[in-house]
>>> print(open('structure.cif').read())   # mmCIF, C-alpha atoms
data_model
loop_
_atom_site.label_atom_id
_atom_site.label_comp_id
_atom_site.auth_asym_id
_atom_site.auth_seq_id
_atom_site.Cartn_x
_atom_site.Cartn_y
_atom_site.Cartn_z
CA ALA A 1 24.33 -10.72 38.21
CA LEU A 2 22.19 -12.00 41.04
CA SER A 3 21.23 -15.63 41.40
CA PRO A 4 17.67 -16.59 40.45
CA GLN A 5 16.83 -16.87 44.17
CA ALA A 6 18.07 -13.35 44.90
CA GLU A 7 16.09 -10.15 44.66
CA TYR A 8 17.53 -6.69 45.14
CA HIS A 9 15.20 -4.26 46.91
CA ALA A 10 16.52 -0.86 45.81
CA MET A 11 14.60 1.29 48.29
CA ALA A 12 15.63 -0.94 51.22
CA ARG A 13 19.19 -1.29 49.87
CA ILE A 14 19.06 -5.01 50.68
CA VAL A 15 19.37 -8.27 48.78
CA GLU A 16 16.93 -11.02 49.71
CA VAL A 17 17.86 -14.61 48.90
CA LYS A 18 14.70 -16.69 48.66
CA GLN A 19 15.22 -20.34 49.46
CA HIS A 20 12.15 -21.81 51.14
CA PRO A 21 9.15 -19.55 51.53
CA PRO A 22 8.19 -19.47 55.22
CA PRO A 23 4.56 -19.81 56.30
CA GLN A 24 2.87 -16.42 56.59
CA THR A 25 1.74 -15.22 60.01
CA ASN A 26 -1.83 -14.34 60.91
CA GLY A 27 -0.61 -11.47 63.06
CA VAL A 28 0.42 -8.27 61.34
CA VAL A 29 3.58 -6.22 61.73
CA VAL A 30 2.93 -2.57 60.91
CA VAL A 31 5.86 -0.43 59.82
CA ALA A 32 5.21 3.30 60.23
CA ALA A 33 7.60 5.87 58.80
CA ALA A 34 7.54 9.52 59.79
CA GLY A 35 8.74 11.00 56.50
CA THR A 36 9.74 9.98 53.01
CA SER A 37 13.42 10.37 53.93
CA ASP A 38 12.96 7.53 56.43
CA LEU A 39 11.72 5.08 53.78
CA PRO A 40 15.01 3.23 53.10
CA VAL A 41 15.25 2.18 56.77
CA ALA A 42 11.52 1.44 56.95
CA GLU A 43 11.68 -0.69 53.81
CA GLU A 44 14.64 -2.60 55.24
CA ALA A 45 12.41 -3.54 58.20
CA VAL A 46 9.57 -4.47 55.82
CA VAL A 47 11.71 -6.70 53.60
CA THR A 48 13.27 -8.40 56.64
CA ALA A 49 9.99 -9.15 58.42
CA ARG A 50 8.33 -10.36 55.19
CA ALA A 51 11.28 -12.58 54.27
CA LEU A 52 10.97 -14.25 57.68
CA GLY A 53 7.24 -14.88 57.15
CA SER A 54 5.46 -11.99 58.84
CA THR A 55 2.47 -10.36 57.24
CA VAL A 56 3.45 -6.69 56.98
CA GLN A 57 1.43 -3.53 56.43
CA THR A 58 2.91 -0.06 56.01
CA VAL A 59 1.82 3.46 56.90
CA TYR A 60 4.17 6.07 55.50
CA ASP A 61 4.50 9.84 55.83
CA VAL A 62 2.71 9.90 59.19
CA GLY A 63 5.16 12.01 61.18
CA VAL A 64 4.24 14.43 63.93
CA ALA A 65 4.49 17.41 61.55
CA GLY A 66 1.19 16.13 60.09
CA LEU A 67 -0.33 14.32 63.06
CA HIS A 68 -3.73 14.07 61.35
CA ARG A 69 -2.21 11.60 58.85
CA LEU A 70 -1.17 9.29 61.70
CA LEU A 71 -4.60 9.51 63.30
CA ASP A 72 -6.17 8.52 59.97
CA THR A 73 -4.34 5.15 60.30
CA ARG A 74 -5.67 4.34 63.81
CA ASP A 75 -7.53 1.21 62.69
CA ILE A 76 -4.37 -0.21 61.08
CA LEU A 77 -2.28 0.57 64.16
CA PHE A 78 -4.83 -0.91 66.57
CA ALA A 79 -5.07 -4.14 64.52
CA ALA A 80 -1.29 -4.73 64.52
CA ARG A 81 0.41 -7.26 66.75
CA VAL A 82 3.62 -5.20 66.80
CA ILE A 83 4.57 -1.82 65.30
CA VAL A 84 7.93 -0.65 63.98
CA VAL A 85 8.20 3.15 64.07
CA VAL A 86 10.93 4.72 61.93
CA ALA A 87 11.72 8.41 62.43
CA GLY A 88 14.57 10.84 62.12
CA MET A 89 14.70 14.51 63.11
CA GLU A 90 13.60 14.55 66.79
CA GLY A 91 12.15 11.01 66.80
CA ALA A 92 8.88 12.02 68.45
CA LEU A 93 6.73 9.61 66.42
CA ALA A 94 7.72 6.61 68.56
CA SER A 95 6.37 8.25 71.73
CA VAL A 96 3.17 9.33 70.01
CA VAL A 97 2.49 5.84 68.64
CA GLY A 98 3.47 4.26 71.95
CA GLY A 99 0.94 6.47 73.70
CA LEU A 100 -1.83 5.54 71.26
CA VAL A 101 -1.55 1.75 71.18
CA ASP A 102 -1.30 -1.13 73.64
CA LYS A 103 1.09 -3.09 71.40
CA PRO A 104 4.88 -3.41 71.45
CA VAL A 105 6.54 -0.55 69.56
CA ILE A 106 10.03 -0.98 68.15
CA ALA A 107 11.50 2.47 67.58
CA VAL A 108 14.13 2.97 64.88
CA PRO A 109 15.91 6.32 64.86
CA THR A 110 17.27 7.34 61.49
CA SER A 111 20.21 9.52 60.60
CA VAL A 112 17.83 11.79 58.68
CA GLY A 113 17.73 15.34 59.90
CA TYR A 114 19.62 18.59 60.04
CA GLY A 115 20.81 21.12 62.57
CA ALA A 116 21.24 19.53 65.99
CA ASN A 117 20.15 16.07 64.79
CA PHE A 118 23.76 14.82 65.05
CA GLY A 119 23.35 12.01 62.52
CA GLY A 120 20.42 10.41 64.35
CA LEU A 121 21.68 10.83 67.89
CA ALA A 122 18.91 13.31 68.76
CA ALA A 123 16.22 10.85 67.61
CA LEU A 124 17.96 7.97 69.39
CA LEU A 125 18.06 9.84 72.70
CA ALA A 126 14.44 10.99 72.36
CA MET A 127 13.30 7.42 71.70
CA LEU A 128 15.35 6.05 74.60
CA ASN A 129 13.78 8.68 76.87
CA SER A 130 10.21 8.02 75.75
CA CYS A 131 7.71 7.99 78.60
CA ALA A 132 5.28 5.85 76.58
CA SER A 133 5.03 2.26 77.81
CA GLY A 134 6.04 -0.58 75.53
CA VAL A 135 8.59 1.30 73.41
CA ALA A 136 11.92 -0.45 72.79
CA VAL A 137 14.68 1.06 70.67
CA VAL A 138 17.16 -0.37 68.18
CA ASN A 139 20.23 1.44 66.90
CA ILE A 140 20.30 4.27 64.37
CA ASP A 141 19.27 3.13 60.86
CA ASN A 142 18.86 -0.50 62.02
CA GLY A 143 15.84 -1.47 59.93
CA PHE A 144 17.06 -5.06 59.75
CA GLY A 145 17.22 -5.41 63.54
CA ALA A 146 13.76 -3.87 63.93
CA GLY A 147 12.23 -6.12 61.26
CA TYR A 148 13.80 -9.21 62.80
CA MET A 149 12.62 -8.33 66.32
CA ALA A 150 9.13 -7.45 65.07
CA HIS A 151 8.87 -10.85 63.40
CA THR A 152 10.06 -12.57 66.59
CA ILE A 153 7.40 -10.78 68.64
CA ASN A 154 4.79 -11.48 65.97
CA LEU A 155 5.49 -15.21 66.20
CA LEU A 156 4.64 -15.21 69.90
CA GLY A 157 0.99 -14.66 69.04
CA GLU A 158 0.78 -17.47 66.49
CA SER A 159 -0.72 -20.83 67.38
CA PRO A 160 1.89 -23.46 68.33
CA THR A 161 1.00 -25.55 65.26
CA ALA A 162 1.80 -22.60 62.97
CA LEU A 163 5.30 -22.16 64.34
CA PRO A 164 8.29 -23.85 62.75
CA SER A 165 9.53 -26.81 64.75
CA SER A 166 12.86 -26.40 66.45
CA GLN A 167 13.11 -30.09 67.27
CA ASP A 168 15.12 -32.48 65.14
CA GLY A 169 13.06 -35.07 63.29
#
>>> encode(input="structure.cif", output="C-alpha cells")
Amino acid sequence: ALSPQAEYHAMARIVEVKQHPPPQTNGVVVVAAAGTSDLPVAEEAVVTARALGSTVQTVYDVGVAGLHRLLDTRDILFAARVIVVVAGMEGALASVVGGLVDKPVIAVPTSVGYGANFGGLAALLAMLNSCASGVAVVNIDNGFGAGYMAHTINLLGESPTALPSSQDG
C-alpha cells in the first residue's frame, strides 16, 4: 500500500510523493508525443514537471505521419516557454517542432519502433543530428530527465519573487 502522500501514475509508470505543493509557474511546458506508443515516456515528463511546479499542457498523437494534427496545435506550441518532444520510430518530430518554434525543445527518443529502430537508437541519432536550432536531446526513454530540465528552463522565465529562495533564513 502506498502512503497517503503517494500517488501512482500508471501510464507514466511513476510514483509521486506529494509533500509540499510547489507554487505553479506562469510559463507553460508543453509535452508533445508523436504516437500513442510514446505516451508512457511523455506522461513521465508531464508528471515530473507538474510535481516540480510547472504548468503543463499536452498535445498527443501529433507525429509526422499525420503532420496536419501537429499544425492544428500551433497556438499551443507558440505559447509555450519550453517544449518536450517525445518520439520513437525515426524521431523526426523533434526537428519539425524545432523548425516551427523559437523556444527550447527537449527531444526524448523512445524505444518504440520496429525494423531498424534498434530500441530507440535510430530516433536518438536523428534527434542528435537535427539541423533545427534549439533542440537538445536526453537519453532514450528518459521522460523524467526531460520533465526536470523543462521545469528548470521554465523557471528561468518566472519573476524573481516567484522563485523559491535558495538562501538560508
>>> residues_around(input="structure.cif", residues="Asp38 (chain A)", least_positions_apart="3", cutoff="7 Å", atoms="all atoms listed in the file", output="MDAnalysis selection string")
chainID A and resid 33:35 41:42 86:88 110 112
>>> write_last_selection(input="structure.cif", atoms="C-alpha atoms", output="short mmCIF file (atom, residue, chain, number, x, y, z; two decimals), in the frame of the given file")
data_model
loop_
_atom_site.label_atom_id
_atom_site.label_comp_id
_atom_site.auth_asym_id
_atom_site.auth_seq_id
_atom_site.Cartn_x
_atom_site.Cartn_y
_atom_site.Cartn_z
CA ALA A 33 7.60 5.87 58.80
CA ALA A 34 7.54 9.52 59.79
CA GLY A 35 8.74 11.00 56.50
CA VAL A 41 15.25 2.18 56.77
CA ALA A 42 11.52 1.44 56.95
CA VAL A 86 10.93 4.72 61.93
CA ALA A 87 11.72 8.41 62.43
CA GLY A 88 14.57 10.84 62.12
CA THR A 110 17.27 7.34 61.49
CA VAL A 112 17.83 11.79 58.68
#
>>> closest_atom_pairs(input="structure.cif", of="region 17-52 of chain A", to="region 65-80 of chain A", cutoff="6 Å", atoms="all atoms listed in the file", output="JSON lines")
{"residue": "A:Val28", "atom": "CA", "partner": "A:Ala80", "partner_atom": "CA", "distance": 5.1}
{"residue": "A:Val29", "atom": "CA", "partner": "A:Ala80", "partner_atom": "CA", "distance": 5.8}
{"residue": "A:Val30", "atom": "CA", "partner": "A:Ala80", "partner_atom": "CA", "distance": 6.0}
>>> write_last_selection(input="structure.cif", atoms="C-alpha atoms", output="PDB file, in the coordinates of the input")
ATOM      1  CA  VAL A  28       0.420  -8.270  61.340  1.00  0.00           C
ATOM      2  CA  VAL A  29       3.580  -6.220  61.730  1.00  0.00           C
ATOM      3  CA  VAL A  30       2.930  -2.570  60.910  1.00  0.00           C
TER       4      VAL A  30
END
>>> atom_distance(input="structure.cif", atom1="CA of Leu128 (chain A)", atom2="CA of Val62 (chain A)")
20.3 Å
>>> resolve_selection(input="structure.cif", expression="the PyMOL selection byres ((chain A and resi 54) around 8)", output="list of chain:residue names")
A:Gln24, A:Thr25, A:Asn26, A:Gly27, A:Val28, A:Val29, A:Ala49, A:Arg50, A:Ala51, A:Leu52, A:Gly53, A:Thr55, A:Val56, A:His151, A:Asn154
>>> closest_residue(input="structure.cif", among="A:Gly91, A:Pro4, A:Pro23, A:Gly113", to="Ala126 (chain A)", atoms="all atoms listed in the file")
A:Gly91
>>> closest_residue(input="structure.cif", among="A:His20, A:Val59, A:Gly134, A:Ala150", to="Gly99 (chain A)", atoms="only C-alpha atoms")
A:Gly134
>>> atom_distance(input="structure.cif", atom1="CA of Ala116 (chain A)", atom2="CA of Val46 (chain A)")
28.6 Å
>>> atom_distance(input="structure.cif", atom1="CA of His9 (chain A)", atom2="CA of Gly157 (chain A)")
28.3 Å
>>> resolve_selection(input="structure.cif", expression="the PyMOL selection byres ((chain A and resi 147) around 8)", output="ChimeraX atom specification")
/A:44-49,84,143-146,148-151
>>> resolve_selection(input="structure.cif", expression="the PyMOL selection byres ((chain A and resi 5) around 10)", output="list in words")
Leu2, Ser3, Pro4, Ala6, Glu7, Glu16, Val17, Lys18, Gln19 and His20 of chain A
>>> closest_residue(input="structure.cif", among="A:Thr152, A:Thr58, A:Ser95, A:Ser37", to="Ala132 (chain A)", atoms="all atoms listed in the file")
A:Ser95
>>> closest_residue(input="structure.cif", among="A:Gly63, A:Pro160, A:Ile14, A:Met127", to="Gly98 (chain A)", atoms="all atoms listed in the file")
A:Met127
>>> closest_residue(input="structure.cif", among="A:Val97, A:Ile83, A:Ile140, A:Ile153", to="Gly119 (chain A)", atoms="only C-alpha atoms")
A:Ile140
